[in-house]
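Source file: start36.txt. Holds: compact mmCIF, C-alpha atoms.
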# COMPACT_ATOMS: atom_id res chain seq x y z
CA VAL A 98 122.47 25.67 119.05
CA GLN A 99 121.28 28.36 116.73
CA THR A 100 122.33 29.35 113.20
CA CYS A 101 124.87 27.47 111.14
CA ALA A 102 127.59 27.59 108.55
CA LEU A 103 126.87 30.13 105.85
CA PRO A 104 128.90 29.62 102.65
CA ILE A 105 129.39 32.63 100.38
CA CYS A 106 130.05 31.60 96.79
CA THR A 107 130.03 33.00 93.28
CA GLN A 108 128.23 31.48 90.31
CA GLN A 109 128.83 33.07 86.91
CA GLY A 110 130.09 36.21 88.65
CA GLU A 111 127.08 36.52 90.99
CA ARG A 112 127.59 36.11 94.74
CA PHE A 113 125.14 33.93 96.64
CA THR A 114 124.85 32.54 100.13
CA GLY A 115 123.46 29.34 101.51
CA ARG A 116 122.81 27.72 104.85
CA VAL A 117 123.14 24.28 106.34
CA MET A 118 119.75 24.02 107.98
CA THR A 119 120.18 20.70 109.84
CA PHE A 120 123.30 20.03 111.87
CA ASP A 121 124.47 18.67 115.21
CA ALA A 122 127.18 20.66 117.01
CA ARG A 123 128.77 19.13 120.08
CA ILE A 124 130.98 21.83 121.53
CA ALA A 125 133.08 21.39 124.68
CA PHE A 126 135.29 24.44 124.97
CA ASP A 127 137.20 26.13 127.77
CA PRO A 128 139.93 28.63 126.78
CA ALA A 129 141.80 27.71 129.97
CA ARG A 130 141.72 24.00 129.04
CA LEU A 131 142.44 23.88 125.31
CA ALA A 132 143.81 20.33 125.40
CA GLU A 133 140.48 19.06 126.75
CA SER A 134 138.30 21.06 124.35
CA SER A 135 136.58 19.79 121.21
CA PHE A 136 134.25 20.76 118.39
CA ASP A 137 132.42 17.89 116.71
CA VAL A 138 129.92 18.98 114.06
CA SER A 139 127.88 16.88 111.63
CA MET A 140 125.97 18.63 108.84
CA GLN A 141 123.11 17.07 106.87
CA LEU A 142 123.88 18.10 103.29
CA LYS A 143 120.35 17.51 102.03
CA SER A 144 119.47 20.53 104.19
CA LEU A 145 121.58 22.95 102.11
CA ASP A 146 119.48 25.99 101.27
CA SER A 147 120.69 28.69 98.85
CA ARG A 148 117.21 30.17 98.38
CA ASN A 149 117.19 28.88 94.79
CA ALA A 150 115.42 25.55 94.21
CA GLU A 151 117.25 24.79 90.93
CA ARG A 152 120.67 25.44 92.49
CA ASP A 153 119.74 23.48 95.63
CA GLN A 154 118.70 20.50 93.51
CA ALA A 155 121.96 20.68 91.51
CA MET A 156 124.01 20.74 94.76
CA GLN A 157 122.53 17.34 95.66
CA THR A 158 123.96 15.66 92.53
CA ALA A 159 127.20 13.72 92.07
CA ASP A 160 128.82 16.77 90.40
CA TRP A 161 128.52 18.62 93.68
CA PHE A 162 127.87 17.11 97.13
CA ASP A 163 126.66 13.68 95.92
CA VAL A 164 124.20 13.57 98.81
CA ALA A 165 122.99 10.06 97.90
CA ARG A 166 126.48 8.66 98.66
CA TYR A 167 127.73 11.29 101.15
CA PRO A 168 124.76 12.66 103.11
CA VAL A 169 126.84 14.10 105.97
CA ALA A 170 129.81 16.46 106.16
CA THR A 171 131.83 16.53 109.39
CA PHE A 172 134.09 19.00 111.17
CA ARG A 173 136.20 17.64 114.04
CA THR A 174 138.94 19.48 115.89
CA VAL A 175 142.29 17.83 116.54
CA ALA A 176 143.96 20.68 118.47
CA PHE A 177 143.45 24.22 119.73
CA ARG A 178 145.97 26.98 120.20
CA SER A 179 146.06 30.57 121.28
CA THR A 180 147.90 32.90 118.87
CA SER A 181 148.65 36.62 118.84
CA GLN A 182 145.62 37.02 116.55
CA GLY A 183 143.32 34.95 118.78
CA LEU A 184 142.06 31.40 119.13
CA VAL A 185 142.66 28.84 116.39
CA ALA A 186 141.48 25.28 115.96
CA ASP A 187 143.14 22.74 113.71
CA ALA A 188 140.36 20.54 112.40
CA ASP A 189 139.56 17.79 109.94
CA LEU A 190 136.78 18.79 107.55
CA THR A 191 135.26 15.91 105.58
CA ILE A 192 133.03 16.59 102.60
CA LYS A 193 132.12 14.04 99.94
CA GLY A 194 134.43 11.46 101.51
CA ARG A 195 137.48 13.74 101.32
CA THR A 196 139.15 14.93 104.51
CA LYS A 197 141.33 18.01 104.66
CA ARG A 198 143.04 19.49 107.70
CA ILE A 199 142.09 23.16 107.97
CA VAL A 200 143.07 26.08 110.17
CA PHE A 201 139.95 27.52 111.82
CA PRO A 202 140.42 30.91 113.53
CA PHE A 203 137.44 31.77 115.74
CA GLN A 204 136.15 34.12 118.39
CA TRP A 205 134.60 32.79 121.60
CA GLN A 206 132.30 34.91 123.75
CA PRO A 207 131.32 33.15 126.97
CA GLY A 208 128.16 34.19 128.74
CA THR A 209 125.96 33.07 131.59
CA GLY A 210 124.37 29.89 130.24
CA LEU A 211 125.04 31.01 126.66
CA ALA A 212 128.22 31.28 124.58
CA THR A 213 128.79 32.53 121.04
CA LEU A 214 131.24 31.13 118.53
CA ASP A 215 131.99 33.16 115.37
CA ALA A 216 134.40 32.22 112.60
CA ARG A 217 135.26 32.86 108.99
CA VAL A 218 137.33 30.48 106.90
CA SER A 219 138.05 30.31 103.17
CA LEU A 220 137.98 26.90 101.47
CA ASP A 221 138.91 25.64 98.01
CA ARG A 222 135.86 23.71 96.77
CA LEU A 223 138.04 21.57 94.48
CA ASP A 224 139.86 20.16 97.55
CA PHE A 225 136.60 18.32 98.25
CA GLY A 226 135.68 17.39 94.67
CA LEU A 227 132.86 19.93 94.57
CA GLY A 228 131.99 20.97 91.05
CA ALA A 229 132.91 18.17 88.66
CA GLY A 230 132.71 18.18 84.88
CA GLU A 231 131.89 21.56 83.40
CA TRP A 232 131.59 23.01 86.93
CA ALA A 233 135.31 22.49 87.62
CA ASP A 234 135.94 25.62 85.51
CA ASP A 235 136.30 28.40 88.06
CA SER A 236 135.09 30.99 85.54
CA LEU A 237 131.60 29.47 85.99
CA VAL A 238 131.69 28.91 89.74
CA GLY A 239 134.25 30.51 92.03
CA ARG A 240 136.87 28.17 93.41
CA ARG A 241 137.10 29.92 96.83
CA VAL A 242 134.18 29.58 99.21
CA ASP A 243 134.03 31.76 102.32
CA VAL A 244 132.29 30.03 105.19
CA LEU A 245 130.87 32.12 108.02
CA VAL A 246 129.95 30.37 111.24
CA HIS A 247 127.77 31.86 113.94
CA LEU A 248 126.69 29.56 116.75
CA GLN A 249 124.83 30.56 119.87
CA LEU A 250 125.37 27.72 122.31
CA ILE A 251 123.20 27.01 125.29
CA ARG A 252 124.91 25.24 128.16
CA PRO A 253 123.04 22.01 128.98
CA ALA A 254 121.64 21.69 132.46
CA LEU A 255 123.75 19.54 134.76
CA PRO A 256 122.04 16.40 136.03
CA PRO A 257 121.20 16.44 139.75
CA GLY A 258 123.96 14.91 141.83
CA SER A 259 126.74 15.54 139.32
CA SER A 260 130.07 16.63 140.81
CA ALA A 261 129.89 20.01 139.04
CA ALA A 262 126.40 20.60 140.44
CA LYS A 263 127.62 19.82 143.97
CA LYS A 264 130.36 22.44 143.74
CA LYS A 265 127.83 25.27 143.46

Step by step, read the file and then write its structure as structure tokens.
Amino acid sequence: VQTCALPICTQQGERFTGRVMTFDARIAFDPARLAESSFDVSMQLKSLDSRNAERDQAMQTADWFDVARYPVATFRTVAFRSTSQGLVADADLTIKGRTKRIVFPFQWQPGTGLATLDARVSLDRLDFGLGAGEWADDSLVGRRVDVLVHLQLIRPALPPGSSAAKKK
């Protein structure tokens, strides 16, 4: 797996981006078998990197991600569907102990041994309790956070003797 979620936020009118540097993405997806597909992603929040040490340190505190109590955020699909606009996953996103069902439109590009998943979703940071106290004022920090996802997925090698390997 390569790359990660990239949130785009505003702080006092200035846009900034960040990355989740450490994550585990378990993706089992086949557009012909949506009912059997799944995305299960765990993100280590202490690995958030906005390229600003002061901001990164603040994001670790209880006002923001409260990493001491909630070190991991999770994204788990509950269903997939094909719409006229493309593929969509319904998923439970859990941040800071709060779970919200979100609609996750995405593009899937299969390849030989490699697939690419791209998505963009807009979240309300207050749904997850991000930005308490003075930070709850959306004139200081934007309430909407755009999250861009770009994953390049490498298909794991099949173990010798597996039924899929025998079919080749």

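Of note, CA of Arg252 (chain A) and CA of Gly210 (chain A) are spaced 5.1 Å apart.
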
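Restricting the calculation to all atoms listed in the file, the smallest distance between Ala159 (chain A) and any of A:Ala229, A:Ala122, A:Leu223, A:Val200 is found for A:Ala229.
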
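You will find CA of Ala188 (chain A) at 27.8 Å from CA of Ala155 (chain A).
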
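Picture a line from CA of Asp146 (chain A) to CA of Ala233 (chain A); it runs 21.2 Å.
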
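Using only C-alpha atoms for every distance, the candidate list A:Gln204, A:Thr191, A:Thr209, A:Thr174 yields A:Thr174 as the residue closest to Glu133 (chain A).
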
Kindly complete region 185-216 of chain A to N, CA and C atoms; the output should be written as a PDB file, in the coordinates of the input.
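And here's result.pdb as it stands now:
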ATOM      1  N   VAL A 185     142.627  29.587 117.644  1.00  0.00           N
ATOM      2  CA  VAL A 185     142.660  28.840 116.390  1.00  0.00           C
ATOM      3  C   VAL A 185     142.442  27.371 116.709  1.00  0.00           C
ATOM      4  N   ALA A 186     141.628  26.727 115.882  1.00  0.00           N
ATOM      5  CA  ALA A 186     141.480  25.280 115.960  1.00  0.00           C
ATOM      6  C   ALA A 186     142.067  24.669 114.700  1.00  0.00           C
ATOM      7  N   ASP A 187     142.750  23.557 114.849  1.00  0.00           N
ATOM      8  CA  ASP A 187     143.140  22.740 113.710  1.00  0.00           C
ATOM      9  C   ASP A 187     142.080  21.637 113.658  1.00  0.00           C
ATOM     10  N   ALA A 188     141.503  21.451 112.478  1.00  0.00           N
ATOM     11  CA  ALA A 188     140.360  20.540 112.400  1.00  0.00           C
ATOM     12  C   ALA A 188     140.389  19.759 111.104  1.00  0.00           C
ATOM     13  N   ASP A 189     139.759  18.601 111.141  1.00  0.00           N
ATOM     14  CA  ASP A 189     139.560  17.790 109.940  1.00  0.00           C
ATOM     15  C   ASP A 189     138.147  18.052 109.436  1.00  0.00           C
ATOM     16  N   LEU A 190     138.063  18.551 108.205  1.00  0.00           N
ATOM     17  CA  LEU A 190     136.780  18.790 107.550  1.00  0.00           C
ATOM     18  C   LEU A 190     136.628  17.710 106.491  1.00  0.00           C
ATOM     19  N   THR A 191     135.520  16.979 106.545  1.00  0.00           N
ATOM     20  CA  THR A 191     135.260  15.910 105.580  1.00  0.00           C
ATOM     21  C   THR A 191     133.987  16.248 104.810  1.00  0.00           C
ATOM     22  N   ILE A 192     134.143  16.352 103.506  1.00  0.00           N
ATOM     23  CA  ILE A 192     133.030  16.590 102.600  1.00  0.00           C
ATOM     24  C   ILE A 192     133.199  15.632 101.435  1.00  0.00           C
ATOM     25  N   LYS A 193     132.125  14.940 101.096  1.00  0.00           N
ATOM     26  CA  LYS A 193     132.120  14.040  99.940  1.00  0.00           C
ATOM     27  C   LYS A 193     133.221  12.975 100.055  1.00  0.00           C
ATOM     28  N   GLY A 194     133.444  12.509 101.278  1.00  0.00           N
ATOM     29  CA  GLY A 194     134.430  11.460 101.510  1.00  0.00           C
ATOM     30  C   GLY A 194     135.868  11.914 101.497  1.00  0.00           C
ATOM     31  N   ARG A 195     136.118  13.207 101.333  1.00  0.00           N
ATOM     32  CA  ARG A 195     137.480  13.740 101.320  1.00  0.00           C
ATOM     33  C   ARG A 195     137.724  14.555 102.577  1.00  0.00           C
ATOM     34  N   THR A 196     138.817  14.239 103.269  1.00  0.00           N
ATOM     35  CA  THR A 196     139.150  14.930 104.510  1.00  0.00           C
ATOM     36  C   THR A 196     140.354  15.828 104.281  1.00  0.00           C
ATOM     37  N   LYS A 197     140.228  17.048 104.759  1.00  0.00           N
ATOM     38  CA  LYS A 197     141.330  18.010 104.660  1.00  0.00           C
ATOM     39  C   LYS A 197     141.498  18.665 106.023  1.00  0.00           C
ATOM     40  N   ARG A 198     142.723  18.769 106.462  1.00  0.00           N
ATOM     41  CA  ARG A 198     143.040  19.490 107.700  1.00  0.00           C
ATOM     42  C   ARG A 198     142.986  20.974 107.401  1.00  0.00           C
ATOM     43  N   ILE A 199     142.207  21.717 108.188  1.00  0.00           N
ATOM     44  CA  ILE A 199     142.090  23.160 107.970  1.00  0.00           C
ATOM     45  C   ILE A 199     142.447  23.916 109.252  1.00  0.00           C
ATOM     46  N   VAL A 200     142.824  25.159 109.071  1.00  0.00           N
ATOM     47  CA  VAL A 200     143.070  26.080 110.170  1.00  0.00           C
ATOM     48  C   VAL A 200     141.797  26.899 110.334  1.00  0.00           C
ATOM     49  N   PHE A 201     141.264  26.940 111.549  1.00  0.00           N
ATOM     50  CA  PHE A 201     139.950  27.520 111.820  1.00  0.00           C
ATOM     51  C   PHE A 201     140.075  28.588 112.910  1.00  0.00           C
ATOM     52  N   PRO A 202     140.376  29.836 112.530  1.00  0.00           N
ATOM     53  CA  PRO A 202     140.420  30.910 113.530  1.00  0.00           C
ATOM     54  C   PRO A 202     138.986  31.254 113.963  1.00  0.00           C
ATOM     55  N   PHE A 203     138.798  31.488 115.257  1.00  0.00           N
ATOM     56  CA  PHE A 203     137.440  31.770 115.740  1.00  0.00           C
ATOM     57  C   PHE A 203     137.477  32.700 116.936  1.00  0.00           C
ATOM     58  N   GLN A 204     136.332  33.281 117.202  1.00  0.00           N
ATOM     59  CA  GLN A 204     136.150  34.120 118.390  1.00  0.00           C
ATOM     60  C   GLN A 204     135.163  33.395 119.298  1.00  0.00           C
ATOM     61  N   TRP A 205     135.430  33.453 120.576  1.00  0.00           N
ATOM     62  CA  TRP A 205     134.600  32.790 121.600  1.00  0.00           C
ATOM     63  C   TRP A 205     134.157  33.840 122.597  1.00  0.00           C
ATOM     64  N   GLN A 206     132.863  33.979 122.772  1.00  0.00           N
ATOM     65  CA  GLN A 206     132.300  34.910 123.750  1.00  0.00           C
ATOM     66  C   GLN A 206     131.501  34.123 124.764  1.00  0.00           C
ATOM     67  N   PRO A 207     132.073  33.877 125.952  1.00  0.00           N
ATOM     68  CA  PRO A 207     131.320  33.150 126.970  1.00  0.00           C
ATOM     69  C   PRO A 207     130.245  34.058 127.569  1.00  0.00           C
ATOM     70  N   GLY A 208     129.220  33.449 128.062  1.00  0.00           N
ATOM     71  CA  GLY A 208     128.160  34.190 128.740  1.00  0.00           C
ATOM     72  C   GLY A 208     127.563  33.305 129.813  1.00  0.00           C
ATOM     73  N   THR A 209     126.626  33.841 130.548  1.00  0.00           N
ATOM     74  CA  THR A 209     125.960  33.070 131.590  1.00  0.00           C
ATOM     75  C   THR A 209     124.940  32.156 130.933  1.00  0.00           C
ATOM     76  N   GLY A 210     125.262  30.872 130.847  1.00  0.00           N
ATOM     77  CA  GLY A 210     124.370  29.890 130.240  1.00  0.00           C
ATOM     78  C   GLY A 210     124.347  29.922 128.725  1.00  0.00           C
ATOM     79  N   LEU A 211     125.044  30.870 128.113  1.00  0.00           N
ATOM     80  CA  LEU A 211     125.040  31.010 126.660  1.00  0.00           C
ATOM     81  C   LEU A 211     126.436  31.449 126.220  1.00  0.00           C
ATOM     82  N   ALA A 212     126.931  30.860 125.154  1.00  0.00           N
ATOM     83  CA  ALA A 212     128.220  31.280 124.580  1.00  0.00           C
ATOM     84  C   ALA A 212     128.013  31.464 123.079  1.00  0.00           C
ATOM     85  N   THR A 213     128.868  32.290 122.482  1.00  0.00           N
ATOM     86  CA  THR A 213     128.790  32.530 121.040  1.00  0.00           C
ATOM     87  C   THR A 213     130.123  32.204 120.408  1.00  0.00           C
ATOM     88  N   LEU A 214     130.070  31.478 119.312  1.00  0.00           N
ATOM     89  CA  LEU A 214     131.240  31.130 118.530  1.00  0.00           C
ATOM     90  C   LEU A 214     131.051  31.735 117.141  1.00  0.00           C
ATOM     91  N   ASP A 215     132.009  32.549 116.704  1.00  0.00           N
ATOM     92  CA  ASP A 215     131.990  33.160 115.370  1.00  0.00           C
ATOM     93  C   ASP A 215     133.293  32.827 114.671  1.00  0.00           C
ATOM     94  N   ALA A 216     133.196  32.539 113.369  1.00  0.00           N
ATOM     95  CA  ALA A 216     134.400  32.220 112.600  1.00  0.00           C
ATOM     96  C   ALA A 216     134.168  32.544 111.137  1.00  0.00           C
TER      97      ALA A 216
END
